[in-house]
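Accompanying notes for the structure given below.
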Amino acid sequence: MITLRRSNERGHANHGWLDSFHSFSFADYYDPSHMGFGPLRVINEDRVEPGMGFGTHGHRDMEIVSYVLDGELEHKDSMGTGSIIVPGDVQRMSAGKGVLHSEFNPSRERKVHFLQIWIEPAVRGIAPSYEQANVPSDAKRGRLALIAGPEGSGAAVAMHQDARLYATLLDGTERVTHALAPGRRGYVHVAVGRVQANGQALGAGDAARFEGETSIALDHGEAAEVLVFDLP
């Protein structure tokens, strides 16, 4: 079964400095039919104004993945980590038994557009940790690049959950397929552009859930950047 969720069906909050769309219930947006999908708990599409951001705040027991689409995002945390991530970078912070962090747009001129993803970990109370990697466009062009996955999976960054997150860039005749093992479910989120998923047309911000399906096929891309989740 394939279930579509259109971009305009998501939760939305515009705080002036932050324009945010919520694929799942988050903060003041509550929808009991969209509380998560397996361990996938949050996909927030955020646009942050120049010089603005999220002040220091805490998290526990969550795998937090940030993926920048345009601009720059500056990260600082209580582990002493400080970095700026740009398009092509993927960042994973395991909140574990507790961590404080902040995220800001360091630019004085341009917005930052990014996705923040929360995945519930398979273990709780671990020591917090941080990891960042760059996945070049060539690794995603017309293919699925494993940007986050469990330890030993070969992913760019490791998560404490049996979940895999792929990214791909598709245009024209480029096509990718991903097999779903029995008992696994898939989730496709279109970050940019347009694409077809198993024949279903999706635009930016649209998503599709795959349950009881054997594979995901993405094609007919139009300047598309797409995330594919393989979930327990």
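A note on labels: chains of the structure tokens are A, B, ... as shown, every chain counts residues from 1, and ligands are counted from 1 in their shown order.
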
With a cut-off of 10 Å, could you pull out the residues of region 100-147 of chain A touching region 223-227 of chain A and give me the nearest pair of atoms for each, distance in Å to one decimal, using only C-alpha atoms, ordered by chain and ascending number, as CSV?
residue,atom,partner,partner_atom,distance
A:Lys140,CA,A:Glu225,CA,8.9
A:Arg141,CA,A:Glu225,CA,9.3
A:Leu144,CA,A:Leu227,CA,8.9
A:Ala145,CA,A:Leu227,CA,9.5
A:Leu146,CA,A:Leu227,CA,9.9
A:Ile147,CA,A:Leu227,CA,9.5

Keeping C-alpha atoms, export the residues of the selection given above as a PDB file, in the first residue's frame.
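As written to disk, again-v9.pdb reads:
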ATOM      1  CA  LYS A 140      23.767  11.032  -5.253  1.00  0.00           C
ATOM      2  CA  ARG A 141      23.375  11.772  -8.964  1.00  0.00           C
ATOM      3  CA  LEU A 144      20.913   6.221  -3.858  1.00  0.00           C
ATOM      4  CA  ALA A 145      23.607   7.356  -1.422  1.00  0.00           C
ATOM      5  CA  LEU A 146      23.335   5.911   2.094  1.00  0.00           C
ATOM      6  CA  ILE A 147      23.767   9.048   4.181  1.00  0.00           C
TER       7      ILE A 147
END

Counting only C-alpha atoms, which residues of region 90-139 of chain A sit at most 12 Å from some atom of region 23-30 of chain A, and what is each one's closest atom pair with its distance in Å to one decimal, listed by chain and rising residue number, as JSON lines?
{"residue": "A:Leu115", "atom": "CA", "partner": "A:Ser23", "partner_atom": "CA", "distance": 10.7}
{"residue": "A:Gln116", "atom": "CA", "partner": "A:Ser23", "partner_atom": "CA", "distance": 10.7}
{"residue": "A:Ile117", "atom": "CA", "partner": "A:Ser23", "partner_atom": "CA", "distance": 10.0}
{"residue": "A:Trp118", "atom": "CA", "partner": "A:Phe24", "partner_atom": "CA", "distance": 10.3}
{"residue": "A:Ile119", "atom": "CA", "partner": "A:Phe24", "partner_atom": "CA", "distance": 11.9}

Pull N, CA and C atoms from the residues just selected and write them as a PDB file, in the first residue's frame.
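Resulting contents of result05.pdb:
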ATOM      1  N   LEU A 115      16.388  20.457   6.314  1.00  0.00           N
ATOM      2  CA  LEU A 115      15.494  19.470   6.899  1.00  0.00           C
ATOM      3  C   LEU A 115      16.094  18.982   8.211  1.00  0.00           C
ATOM      4  N   GLN A 116      15.275  18.949   9.245  1.00  0.00           N
ATOM      5  CA  GLN A 116      15.701  18.304  10.487  1.00  0.00           C
ATOM      6  C   GLN A 116      14.831  17.078  10.713  1.00  0.00           C
ATOM      7  N   ILE A 117      15.493  15.954  10.935  1.00  0.00           N
ATOM      8  CA  ILE A 117      14.856  14.650  11.021  1.00  0.00           C
ATOM      9  C   ILE A 117      15.143  14.052  12.383  1.00  0.00           C
ATOM     10  N   TRP A 118      14.116  13.556  13.046  1.00  0.00           N
ATOM     11  CA  TRP A 118      14.289  12.861  14.315  1.00  0.00           C
ATOM     12  C   TRP A 118      13.913  11.401  14.129  1.00  0.00           C
ATOM     13  N   ILE A 119      14.776  10.516  14.574  1.00  0.00           N
ATOM     14  CA  ILE A 119      14.524   9.085  14.561  1.00  0.00           C
ATOM     15  C   ILE A 119      14.719   8.546  15.971  1.00  0.00           C
TER      16      ILE A 119
END

According to DSSP computed on the backbone, where in region 98-162 of chain A is there helix (DSSP H, G or I)? Give the residues as a list in words. Ser137, Asp138, Ala139 and Lys140 of chain A

So what do you get for CA of Ile2 (chain A) versus CA of Ala197 (chain A), distance-wise? 9.4 Å

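Proximity to His22 (chain A) at 7 Å, evaluated using only C-alpha atoms and with sequence-adjacent residues fewer than 3 positions away removed, yields A:Arg10, A:Gly11, A:His12, A:Ser25, A:Phe26, A:Ile43, A:Asn44, A:Glu45.
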
Which residues are close to Phe229 (chain A), i.e. within 12 Å by only C-alpha atoms, leaving aside same-chain residues fewer than 2 positions away? Reply as a VMD selection string. chain A and resid 37 to 40 43 117 119 144 to 149 162 to 168 178 to 180 184 to 190 207 to 210 215 to 216 226 to 227 231 to 232

Please provide the set of residues having any atom within 10 Å of Pro182 (chain A), restricted to only C-alpha atoms, with same-chain residues fewer than 4 positions apart removed, written as JSON, numbers by chain. {"A": [211, 212, 213, 214, 232]}

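Of the residues under consideration (A:Pro50, A:Gly98, A:Gly36, A:Gly71), A:Pro50 shows the shortest atom-to-atom contact distance to Leu18 (chain A) when counting only C-alpha atoms.
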
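Using only C-alpha atoms, the nearest neighbour of Val228 (chain A) within the list A:Val135, A:Val48, A:Ile126, A:Ala191 is A:Ala191.
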
Extract, using only C-alpha atoms, all DNA, RNA and protein residues at most 7 Å from Ser83 (chain A), discarding same-chain residues fewer than 4 positions from it, and format them as a JSON list (two decimals) with C-alpha atoms, in the first residue's frame.
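For reference, selection.json as written:
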[["chain", "number", "residue", "atom", "x", "y", "z"],
["A", 74, "GLU", "CA", 25.90, 26.68, 12.41],
["A", 75, "HIS", "CA", 25.78, 24.07, 15.17],
["A", 76, "LYS", "CA", 27.13, 24.27, 18.74]]

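For the pair CA of Gly51 (chain A) and CA of Arg108 (chain A), the separation is 5.5 Å.
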
Restricting to only C-alpha atoms, whichever of A:Arg124, A:Arg60, A:His113, A:His160 is closest to His101 (chain A) is A:Arg60

Please list as number ranges by chain every residue within 10 Å of Ser78 (chain A), counting only C-alpha atoms and excluding residues in the same chain fewer than 2 positions away. A: 56, 58, 76, 80-82, 98-102, 128

Between CA of Ala133 (chain A) and CA of Gln161 (chain A), what is the spacing in Å? 18.3 Å

Check region 63-179 of chain A with DSSP on the backbone and list each residue it calls strand (DSSP E or B), as a PyMOL selection string. chain A and resi 63-70+73-77+82-85+89-94+99-104+112-119+129-134+141+145-150+157-159+164-170+176-179

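You can rank A:Gly221, A:Asn14, A:Asn105, A:Gln91 by their closest distance to Ala204 (chain A) using only C-alpha atoms, and at the top of that list sits A:Gly221.
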
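Closest approach to Phe114 (chain A) among A:Arg175, A:Arg47, A:Lys97, A:Arg92: A:Arg47, based on only C-alpha atoms.
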
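When only C-alpha atoms are used to compute distances to Trp17 (chain A), the closest of the residues A:Lys111, A:Glu103, A:Tyr67, A:Ala139 turns out to be A:Lys111.
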